[in-house]
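File shown: start.txt. Contents: compact mmCIF, C-alpha atoms.
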```txt
# COMPACT_ATOMS: atom_id res chain seq x y z
CA MET P 228 -13.39 -1.02 -15.43
CA ARG P 229 -15.50 1.06 -13.08
CA THR P 230 -16.51 3.42 -15.93
CA ARG P 231 -17.57 0.52 -18.13
CA ASN P 232 -19.58 -0.98 -15.28
CA LEU P 233 -21.38 2.32 -14.61
CA GLU P 234 -22.12 2.76 -18.31
CA ARG P 235 -23.47 -0.78 -18.51
CA SER P 236 -25.56 -0.18 -15.38
CA SER P 237 -27.02 3.03 -16.87
CA MET P 238 -27.91 1.27 -20.12
CA THR P 239 -29.49 -1.60 -18.18
CA GLU P 240 -31.62 0.76 -16.06
CA THR P 241 -32.82 2.56 -19.21
CA SER P 242 -33.82 -0.70 -20.90
CA VAL P 243 -35.50 -1.99 -17.75
CA ALA P 244 -37.59 1.18 -17.41
CA ALA P 245 -38.99 0.58 -20.93
CA GLN P 246 -40.16 -2.96 -20.14
CA PRO P 247 -43.74 -3.91 -19.18
CA MET P 248 -44.47 -4.16 -15.48
CA TRP P 249 -44.93 -7.96 -15.46
CA LEU P 250 -41.52 -8.46 -17.03
CA ARG P 251 -39.86 -6.06 -14.60
CA ILE P 252 -41.37 -8.03 -11.69
CA LEU P 253 -40.23 -11.32 -13.22
CA GLN P 254 -36.69 -10.01 -13.63
CA SER P 255 -36.49 -8.27 -10.25
CA PRO P 256 -33.95 -9.19 -7.54
CA LEU P 257 -36.82 -10.13 -5.21
CA THR P 258 -38.18 -12.65 -7.72
CA ARG P 259 -34.68 -14.02 -8.23
CA LEU P 260 -34.32 -14.42 -4.48
CA ILE P 261 -37.60 -16.31 -4.20
CA VAL P 262 -37.59 -18.41 -7.37
CA LEU P 263 -33.91 -19.08 -8.06
CA GLY P 264 -33.15 -19.16 -4.34
CA ALA P 265 -35.78 -21.87 -3.81
CA ALA P 266 -34.36 -23.87 -6.73
CA MET P 267 -30.78 -23.64 -5.42
CA PHE P 268 -31.95 -24.55 -1.90
CA GLN P 269 -33.69 -27.62 -3.32
CA PHE P 270 -30.57 -28.59 -5.25
CA MET P 271 -28.53 -28.23 -2.06
CA GLY P 272 -31.00 -30.53 -0.28
CA TRP P 273 -30.67 -33.15 -3.01
CA ALA P 274 -26.89 -32.90 -2.84
CA GLN P 275 -26.92 -33.33 0.95
CA ALA P 276 -29.20 -36.36 0.66
CA ARG P 277 -26.89 -37.96 -1.92
CA LEU P 278 -23.89 -37.11 0.26
CA GLU P 279 -25.42 -39.13 3.09
CA GLN P 280 -26.66 -41.90 0.79
CA PHE P 281 -23.25 -42.52 -0.78
CA HIS P 282 -21.19 -41.75 2.31
CA ASP P 283 -19.63 -45.23 2.29
CA THR P 284 -19.14 -45.38 -1.49
CA PRO P 285 -17.21 -42.17 -2.26
CA LEU P 286 -16.21 -43.30 -5.75
CA LEU P 287 -19.90 -42.95 -6.60
CA GLY P 288 -20.57 -39.99 -4.33
CA VAL P 289 -17.96 -37.71 -5.91
CA PRO P 290 -19.21 -37.94 -9.54
CA ILE P 291 -22.79 -37.57 -8.32
CA GLN P 292 -21.88 -34.32 -6.55
CA ILE P 293 -20.07 -33.11 -9.68
CA ALA P 294 -23.10 -33.91 -11.84
CA LEU P 295 -25.52 -32.18 -9.47
CA GLY P 296 -23.17 -29.19 -9.20
CA LEU P 297 -22.96 -28.81 -12.99
CA ALA P 298 -26.75 -29.10 -13.22
CA ALA P 299 -27.20 -26.38 -10.58
CA ILE P 300 -24.73 -24.09 -12.37
CA ALA P 301 -26.54 -24.71 -15.67
CA LEU P 302 -29.90 -23.82 -14.09
CA TYR P 303 -28.41 -20.67 -12.53
CA VAL P 304 -26.97 -19.56 -15.88
CA ALA P 305 -30.19 -20.41 -17.74
CA TYR P 306 -32.23 -18.32 -15.29
CA GLY P 307 -29.93 -15.36 -15.83
CA LYS P 308 -29.92 -15.64 -19.61
CA PHE P 309 -33.56 -16.52 -20.34
CA ILE P 310 -35.48 -14.98 -17.42
CA GLU P 311 -33.36 -11.99 -16.42
CA ARG P 312 -31.99 -11.63 -19.98
CA ARG P 313 -28.49 -10.67 -18.89
CA ASP P 314 -24.93 -11.87 -19.20
CA VAL P 315 -24.25 -14.09 -16.20
CA THR P 316 -20.83 -12.54 -15.60
CA GLU P 317 -20.48 -13.98 -12.11
CA LEU P 318 -20.09 -17.42 -13.73
CA SER P 319 -18.30 -16.47 -16.94
CA THR P 320 -15.55 -18.95 -17.77
CA PRO P 321 -12.53 -16.78 -18.80
CA GLY P 322 -10.21 -16.80 -15.79
CA LEU P 323 -12.19 -19.57 -14.06
CA GLY P 324 -9.17 -21.77 -13.34
CA ARG P 325 -6.94 -18.96 -12.10
CA GLU P 326 -9.57 -17.53 -9.76
CA TRP P 327 -10.57 -20.95 -8.43
CA VAL P 328 -6.93 -21.80 -7.69
CA ILE P 329 -6.39 -18.46 -5.91
CA GLY P 330 -9.44 -19.11 -3.73
CA ALA P 331 -8.34 -22.70 -3.06
CA LEU P 332 -4.85 -21.59 -2.04
CA ILE P 333 -6.32 -19.02 0.37
CA GLY P 334 -8.69 -21.60 1.88
CA ALA P 335 -6.07 -24.33 2.21
CA GLY P 336 -3.48 -21.86 3.49
CA LEU P 337 -5.75 -20.38 6.14
CA TYR P 338 -6.84 -23.73 7.52
CA THR P 339 -3.28 -25.01 7.53
CA ALA P 340 -2.18 -21.86 9.36
CA CYS P 341 -4.86 -22.44 12.01
CA ALA P 342 -3.75 -26.05 12.47
CA VAL P 343 -0.06 -25.13 12.67
CA ILE P 344 -0.78 -22.55 15.38
CA LEU P 345 -2.55 -25.24 17.42
CA MET P 346 0.39 -27.59 16.82
CA VAL P 347 2.83 -25.00 18.13
CA LEU P 348 0.65 -24.57 21.21
CA GLY P 349 0.66 -28.33 21.78
CA ILE P 350 -3.09 -28.58 21.25
CA TYR P 351 -3.12 -30.38 17.89
CA LYS P 352 -0.93 -33.49 17.94
CA VAL P 353 -0.29 -35.74 14.94
CA GLU P 354 -0.04 -39.35 16.06
CA GLY P 355 0.27 -41.03 12.67
CA LEU P 356 -1.11 -41.28 9.15
CA ASN P 357 -4.15 -43.04 7.77
CA PRO P 358 -4.07 -44.64 4.29
CA LEU P 359 -4.20 -42.23 1.33
CA ALA P 360 -7.69 -43.56 0.58
CA PHE P 361 -8.91 -41.42 3.50
CA LEU P 362 -8.41 -38.39 1.23
CA ILE P 363 -11.25 -39.46 -1.07
CA PRO P 364 -14.53 -39.53 0.93
CA ASN P 365 -14.63 -35.85 1.94
CA LEU P 366 -14.01 -34.69 -1.63
CA ALA P 367 -17.76 -35.06 -2.17
CA LEU P 368 -18.41 -32.87 0.88
CA ALA P 369 -16.06 -30.18 -0.45
CA ILE P 370 -17.79 -30.12 -3.83
CA LYS P 371 -21.24 -30.00 -2.27
CA SER P 372 -20.46 -27.14 0.11
CA GLY P 373 -18.33 -25.15 -2.32
CA VAL P 374 -20.72 -25.21 -5.27
CA PHE P 375 -24.22 -25.18 -3.82
CA GLU P 376 -23.63 -22.91 -0.84
CA GLU P 377 -21.82 -20.32 -2.98
CA LEU P 378 -24.51 -20.37 -5.68
CA LEU P 379 -27.16 -19.86 -2.99
CA PHE P 380 -25.55 -17.50 -0.49
CA ARG P 381 -23.28 -15.37 -2.69
CA GLY P 382 -24.83 -15.90 -6.12
CA VAL P 383 -28.49 -15.52 -5.18
CA LEU P 384 -28.80 -14.05 -1.69
CA PHE P 385 -25.90 -11.58 -1.64
CA ARG P 386 -26.43 -10.36 -5.22
CA SER P 387 -30.20 -9.96 -4.76
CA VAL P 388 -29.89 -7.96 -1.55
CA GLU P 389 -27.00 -5.95 -2.99
CA ALA P 390 -29.02 -5.04 -6.09
CA ILE P 391 -31.60 -3.31 -3.86
CA PHE P 392 -29.80 -2.17 -0.72
CA GLY P 393 -26.16 -2.05 -1.82
CA SER P 394 -23.05 -4.07 -1.03
CA TRP P 395 -22.80 -3.27 2.69
CA VAL P 396 -26.29 -4.53 3.47
CA GLY P 397 -25.67 -7.48 1.15
CA ILE P 398 -22.62 -8.45 3.20
CA LEU P 399 -24.53 -8.14 6.48
CA VAL P 400 -27.61 -10.10 5.41
CA SER P 401 -25.81 -12.88 3.52
CA SER P 402 -23.31 -13.32 6.37
CA LEU P 403 -26.01 -13.59 9.02
CA VAL P 404 -28.14 -16.04 7.04
CA PHE P 405 -25.08 -18.10 6.06
CA GLY P 406 -23.95 -18.37 9.67
CA LEU P 407 -27.32 -18.99 11.28
CA LEU P 408 -28.28 -21.75 8.83
CA HIS P 409 -25.35 -23.73 10.23
CA LEU P 410 -27.46 -24.10 13.37
CA LEU P 411 -29.24 -26.89 11.47
CA ASN P 412 -26.10 -29.05 11.70
CA PRO P 413 -26.19 -31.91 14.25
CA ASP P 414 -23.60 -30.56 16.68
CA ALA P 415 -24.11 -26.89 15.94
CA THR P 416 -23.67 -24.17 18.53
CA LEU P 417 -24.88 -20.59 18.51
CA GLY P 418 -21.32 -19.40 19.08
CA GLY P 419 -20.10 -21.36 16.07
CA ALA P 420 -22.86 -19.93 13.88
CA ILE P 421 -21.98 -16.38 14.98
CA TYR P 422 -18.28 -16.99 14.31
CA ILE P 423 -19.09 -18.27 10.81
CA SER P 424 -21.21 -15.19 10.14
CA ILE P 425 -18.28 -12.95 11.02
CA GLU P 426 -15.26 -14.82 9.66
CA ALA P 427 -16.61 -16.78 6.70
CA GLY P 428 -19.57 -14.59 5.77
CA LEU P 429 -17.38 -11.50 5.48
CA LEU P 430 -14.49 -13.31 3.79
CA LEU P 431 -16.60 -15.03 1.14
CA ALA P 432 -18.63 -11.91 0.32
CA ALA P 433 -15.42 -9.88 0.09
CA ALA P 434 -13.85 -12.55 -2.14
CA TYR P 435 -16.82 -12.26 -4.48
CA LEU P 436 -16.55 -8.47 -4.50
CA VAL P 437 -12.87 -8.54 -5.47
CA THR P 438 -13.69 -10.16 -8.84
CA ARG P 439 -17.49 -9.96 -8.80
CA ARG P 440 -17.38 -13.62 -9.80
CA LEU P 441 -18.10 -16.79 -7.84
CA TRP P 442 -15.10 -18.96 -8.74
CA ILE P 443 -12.78 -17.60 -6.04
CA CYS P 444 -15.50 -18.16 -3.41
CA MET P 445 -16.04 -21.72 -4.58
CA GLY P 446 -12.31 -22.42 -4.53
CA PHE P 447 -11.92 -21.10 -1.00
CA HIS P 448 -14.97 -22.92 0.35
CA MET P 449 -14.00 -26.26 -1.21
CA ALA P 450 -10.38 -26.11 -0.07
CA TRP P 451 -11.18 -25.00 3.50
CA ASN P 452 -13.68 -27.83 4.03
CA TYR P 453 -11.47 -30.38 2.27
CA PHE P 454 -8.32 -29.62 4.23
CA GLN P 455 -10.33 -29.40 7.44
CA SER P 456 -11.82 -32.86 7.01
CA ALA P 457 -9.78 -34.93 4.54
CA VAL P 458 -6.32 -33.76 5.61
CA PHE P 459 -6.48 -32.57 9.24
CA SER P 460 -9.37 -34.78 10.45
CA GLY P 461 -11.25 -31.82 11.89
CA VAL P 462 -14.97 -31.45 12.55
CA VAL P 463 -16.70 -29.46 9.78
CA SER P 464 -19.13 -26.92 11.25
CA GLY P 465 -20.64 -29.39 13.70
CA ALA P 466 -21.75 -31.67 10.87
CA VAL P 467 -18.97 -33.98 9.66
CA SER P 468 -16.30 -35.64 11.81
CA ASP P 469 -14.91 -38.39 9.57
CA PRO P 470 -11.19 -39.13 9.97
CA GLY P 471 -8.81 -37.81 7.34
CA LEU P 472 -5.20 -38.40 6.41
CA LEU P 473 -3.72 -37.30 9.73
CA LYS P 474 -4.43 -39.25 12.89
CA ALA P 475 -4.90 -36.27 15.16
CA LYS P 476 -5.41 -35.78 18.87
CA ILE P 477 -6.88 -32.38 19.68
CA GLU P 478 -7.00 -31.39 23.32
CA GLY P 479 -7.29 -27.86 24.62
CA PRO P 480 -9.69 -25.05 25.49
CA GLU P 481 -12.75 -24.78 23.26
CA LEU P 482 -11.83 -21.15 22.64
CA LEU P 483 -8.86 -22.39 20.61
CA THR P 484 -10.05 -25.76 19.29
CA GLY P 485 -13.65 -24.85 18.45
CA GLY P 486 -14.92 -27.84 20.41
CA SER P 487 -17.60 -30.03 18.83
CA PHE P 488 -18.31 -27.41 16.18
CA GLY P 489 -14.80 -27.46 14.71
CA MET P 490 -12.19 -24.88 13.81
CA GLU P 491 -14.79 -22.33 12.67
CA HIS P 492 -15.63 -21.78 16.36
CA SER P 493 -11.98 -21.15 17.23
CA VAL P 494 -10.71 -17.67 17.98
CA VAL P 495 -7.69 -18.58 15.84
CA ALA P 496 -9.86 -18.98 12.74
CA LEU P 497 -11.90 -15.93 13.72
CA VAL P 498 -8.81 -13.71 13.74
CA LEU P 499 -7.12 -15.14 10.64
CA CYS P 500 -10.21 -15.40 8.42
CA THR P 501 -11.70 -12.07 9.48
CA THR P 502 -8.38 -10.32 8.86
CA THR P 503 -8.20 -11.90 5.39
CA GLY P 504 -11.78 -10.83 4.72
CA VAL P 505 -11.00 -7.23 5.66
CA ILE P 506 -7.97 -7.23 3.35
CA LEU P 507 -10.05 -8.58 0.45
CA LEU P 508 -12.75 -6.02 1.18
CA MET P 509 -10.19 -3.21 1.00
CA ILE P 510 -9.06 -4.52 -2.39
CA ALA P 511 -12.67 -4.56 -3.59
CA ILE P 512 -13.17 -0.97 -2.40
CA ARG P 513 -10.02 0.18 -4.23
CA ARG P 514 -11.29 -1.50 -7.41
CA GLY P 515 -14.58 0.38 -7.16
CA HIS P 516 -16.60 -2.82 -6.81
CA ILE P 517 -18.83 -1.65 -3.93
CA MET P 518 -22.39 -1.01 -5.10
CA PRO P 519 -24.54 1.71 -3.47
CA PRO P 520 -28.26 1.22 -2.75
CA MET P 521 -30.46 1.38 -5.82
CA TRP P 522 -31.92 4.77 -4.85
CA LYS P 523 -28.42 6.31 -4.92
CA ARG P 524 -27.41 5.09 -8.36
```
Can I see the file as structure tokens?
Amino acid sequence: MRTRNLERSSMTETSVAAQPMWLRILQSPLTRLIVLGAAMFQFMGWAQARLEQFHDTPLLGVPIQIALGLAAIALYVAYGKFIERRDVTELSTPGLGREWVIGALIGAGLYTACAVILMVLGIYKVEGLNPLAFLIPNLALAIKSGVFEELLFRGVLFRSVEAIFGSWVGILVSSLVFGLLHLLNPDATLGGAIYISIEAGLLLAAAYLVTRRLWICMGFHMAWNYFQSAVFSGVVSGAVSDPGLLKAKIEGPELLTGGSFGMEHSVVALVLCTTTGVILLMIAIRRGHIMPPMWKR
């Protein structure tokens, strides 16, 4: 696989060198970052606005998020095919279901593990169950965060920085931006944003590097946010605190609970998610999926 990728990269560099300057600028990672990044950011803004608009009518909110997500994916693919003139392999469909499910299982499993640890410590207490209908509203949130944030932060930002400066700088930059943008959330904290940069930024970038496709990242992101909110009634990154299936009482030190920011600001999540990210990164390294800076290729 690594040999084929290097051969494809060599052929691509040769063809790019023969193109006129204006086309090379149009197809450059920097242009992708500016143009496609702006488009994905706008889509994410629309999705957030619709999320708030249809907050109390989730049966409408969910299909709207699905429609916007499919439109954003279509735009992303169209940009790759018609502007960059490449195969958009990061969104190719063979293996989509399997990779999404693997990511979802990791996301759901990690959040459940965090909650169970707090239960054992007597910090997270289940006092009853809400109706099953409570599982529906935050499905729209999961779709919005999983699709749009992964297209923007891993699909556009990480890949654009990686194409110029290599995978390691791509991980650093995308993780920092991803974490710090959470400061825009209503109950955000600097500590929570830093934790997200470390635990989630690393894990999601490493998940992408394992397959060099976005489906596993989307699966993880959707499942983490969904289980956090719809199942365990947790606060999502200082932004959403709607009740879920479990009637929960969470009392304990902010170091363990995450406080008003949610589990992402908990040292429990920091340890579990960062460890998982390191493991995924090691798998990506063994597969030869780490890209050097462009001047070393």
Nearest to Trp451 of chain P among P:Ser464, P:Thr502, P:Gln246, P:Thr320, with distances taken over only C-alpha atoms: which residue is it?
P:Ser464
Segment 291-300 of chain P: which residues within 12 Å, counting only C-alpha atoms, same-chain residues fewer than 4 positions away excluded, as a PDB file with C-alpha atoms, in the frame of the given file?
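Once everything was written out, this is around_27.pdb:
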```pdb
ATOM      1  CA  LEU P 263     -33.910 -19.080  -8.060  1.00  0.00           C
ATOM      2  CA  GLY P 264     -33.150 -19.160  -4.340  1.00  0.00           C
ATOM      3  CA  ALA P 265     -35.780 -21.870  -3.810  1.00  0.00           C
ATOM      4  CA  ALA P 266     -34.360 -23.870  -6.730  1.00  0.00           C
ATOM      5  CA  MET P 267     -30.780 -23.640  -5.420  1.00  0.00           C
ATOM      6  CA  PHE P 268     -31.950 -24.550  -1.900  1.00  0.00           C
ATOM      7  CA  GLN P 269     -33.690 -27.620  -3.320  1.00  0.00           C
ATOM      8  CA  PHE P 270     -30.570 -28.590  -5.250  1.00  0.00           C
ATOM      9  CA  MET P 271     -28.530 -28.230  -2.060  1.00  0.00           C
ATOM     10  CA  GLY P 272     -31.000 -30.530  -0.280  1.00  0.00           C
ATOM     11  CA  TRP P 273     -30.670 -33.150  -3.010  1.00  0.00           C
ATOM     12  CA  ALA P 274     -26.890 -32.900  -2.840  1.00  0.00           C
ATOM     13  CA  GLN P 275     -26.920 -33.330   0.950  1.00  0.00           C
ATOM     14  CA  ALA P 276     -29.200 -36.360   0.660  1.00  0.00           C
ATOM     15  CA  ARG P 277     -26.890 -37.960  -1.920  1.00  0.00           C
ATOM     16  CA  LEU P 278     -23.890 -37.110   0.260  1.00  0.00           C
ATOM     17  CA  GLU P 279     -25.420 -39.130   3.090  1.00  0.00           C
ATOM     18  CA  GLN P 280     -26.660 -41.900   0.790  1.00  0.00           C
ATOM     19  CA  PHE P 281     -23.250 -42.520  -0.780  1.00  0.00           C
ATOM     20  CA  HIS P 282     -21.190 -41.750   2.310  1.00  0.00           C
ATOM     21  CA  THR P 284     -19.140 -45.380  -1.490  1.00  0.00           C
ATOM     22  CA  PRO P 285     -17.210 -42.170  -2.260  1.00  0.00           C
ATOM     23  CA  LEU P 286     -16.210 -43.300  -5.750  1.00  0.00           C
ATOM     24  CA  LEU P 287     -19.900 -42.950  -6.600  1.00  0.00           C
ATOM     25  CA  VAL P 304     -26.970 -19.560 -15.880  1.00  0.00           C
ATOM     26  CA  ALA P 305     -30.190 -20.410 -17.740  1.00  0.00           C
ATOM     27  CA  TYR P 306     -32.230 -18.320 -15.290  1.00  0.00           C
ATOM     28  CA  GLY P 307     -29.930 -15.360 -15.830  1.00  0.00           C
ATOM     29  CA  VAL P 315     -24.250 -14.090 -16.200  1.00  0.00           C
ATOM     30  CA  GLU P 317     -20.480 -13.980 -12.110  1.00  0.00           C
ATOM     31  CA  LEU P 318     -20.090 -17.420 -13.730  1.00  0.00           C
ATOM     32  CA  SER P 319     -18.300 -16.470 -16.940  1.00  0.00           C
ATOM     33  CA  THR P 320     -15.550 -18.950 -17.770  1.00  0.00           C
ATOM     34  CA  PRO P 364     -14.530 -39.530   0.930  1.00  0.00           C
ATOM     35  CA  ASN P 365     -14.630 -35.850   1.940  1.00  0.00           C
ATOM     36  CA  LEU P 366     -14.010 -34.690  -1.630  1.00  0.00           C
ATOM     37  CA  ALA P 367     -17.760 -35.060  -2.170  1.00  0.00           C
ATOM     38  CA  LEU P 368     -18.410 -32.870   0.880  1.00  0.00           C
ATOM     39  CA  ALA P 369     -16.060 -30.180  -0.450  1.00  0.00           C
ATOM     40  CA  ILE P 370     -17.790 -30.120  -3.830  1.00  0.00           C
ATOM     41  CA  LYS P 371     -21.240 -30.000  -2.270  1.00  0.00           C
ATOM     42  CA  SER P 372     -20.460 -27.140   0.110  1.00  0.00           C
ATOM     43  CA  GLY P 373     -18.330 -25.150  -2.320  1.00  0.00           C
ATOM     44  CA  VAL P 374     -20.720 -25.210  -5.270  1.00  0.00           C
ATOM     45  CA  PHE P 375     -24.220 -25.180  -3.820  1.00  0.00           C
ATOM     46  CA  GLU P 376     -23.630 -22.910  -0.840  1.00  0.00           C
ATOM     47  CA  GLU P 377     -21.820 -20.320  -2.980  1.00  0.00           C
ATOM     48  CA  LEU P 378     -24.510 -20.370  -5.680  1.00  0.00           C
ATOM     49  CA  LEU P 379     -27.160 -19.860  -2.990  1.00  0.00           C
ATOM     50  CA  GLY P 382     -24.830 -15.900  -6.120  1.00  0.00           C
ATOM     51  CA  VAL P 383     -28.490 -15.520  -5.180  1.00  0.00           C
ATOM     52  CA  LEU P 441     -18.100 -16.790  -7.840  1.00  0.00           C
ATOM     53  CA  TRP P 442     -15.100 -18.960  -8.740  1.00  0.00           C
ATOM     54  CA  MET P 445     -16.040 -21.720  -4.580  1.00  0.00           C
TER      55      MET P 445
END
```
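Proximity to Leu431 of chain P was assessed for P:Val404, P:Ile398, P:Ile512, P:Leu332 counting only C-alpha atoms; the smallest distance is recorded for P:Ile398.
As for atom CA of Leu483 of chain P and atom CA of Leu359 of chain P, they are spaced 28.1 Å apart.
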Once you add 5 Å to each side, what are the centre and edge lengths of the axis-aligned box holding all listed atoms of segment 395-403 of chain P? One decimal in Å, as lines of an AutoDock Vina configuration file, if you can.
```
center_x = -25.1
center_y = -8.4
center_z = 5.1
size_x = 15.0
size_y = 20.3
size_z = 17.9
```
Using all atoms listed in the file, find the one residue out of P:Ser394, P:Ser468, P:Thr438, P:Thr484 that sits nearest to Glu326 of chain P.
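Closest to Glu326 of chain P of all the choices is P:Thr438.
Shortest separation to Gly465 of chain P among P:Ile506, P:Asp414, P:Ile423, P:Phe447 occurs at residue P:Asp414, atoms counted being only C-alpha atoms.
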As an exercise, work out the distance from atom CA of Leu257 of chain P to atom CA of Leu508 of chain P in Å and give it to one decimal place.
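Separation of atom CA of Leu257 of chain P and atom CA of Leu508 of chain P: 25.2 Å.
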Nearest to Gly324 of chain P, chosen from P:Gly336, P:Val388, P:Ile443, P:Leu253, with only C-alpha atoms counted in the distances:
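Answer, going by the shortest atom-to-atom distance: P:Ile443.
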Hey, what's within 9 Å of Arg439 of chain P if we count all atoms listed in the file and toss same-chain stuff fewer than 2 positions away? As a PyMOL selection string, please?
chain P and resi 316-317+434-437+441+511+516
How would the residues just picked look written out with C-alpha atoms as a CSV table (one decimal), keeping the file's coordinate frame?
```
chain,number,residue,atom,x,y,z
P,316,THR,CA,-20.8,-12.5,-15.6
P,317,GLU,CA,-20.5,-14.0,-12.1
P,434,ALA,CA,-13.8,-12.6,-2.1
P,435,TYR,CA,-16.8,-12.3,-4.5
P,436,LEU,CA,-16.6,-8.5,-4.5
P,437,VAL,CA,-12.9,-8.5,-5.5
P,441,LEU,CA,-18.1,-16.8,-7.8
P,511,ALA,CA,-12.7,-4.6,-3.6
P,516,HIS,CA,-16.6,-2.8,-6.8
```
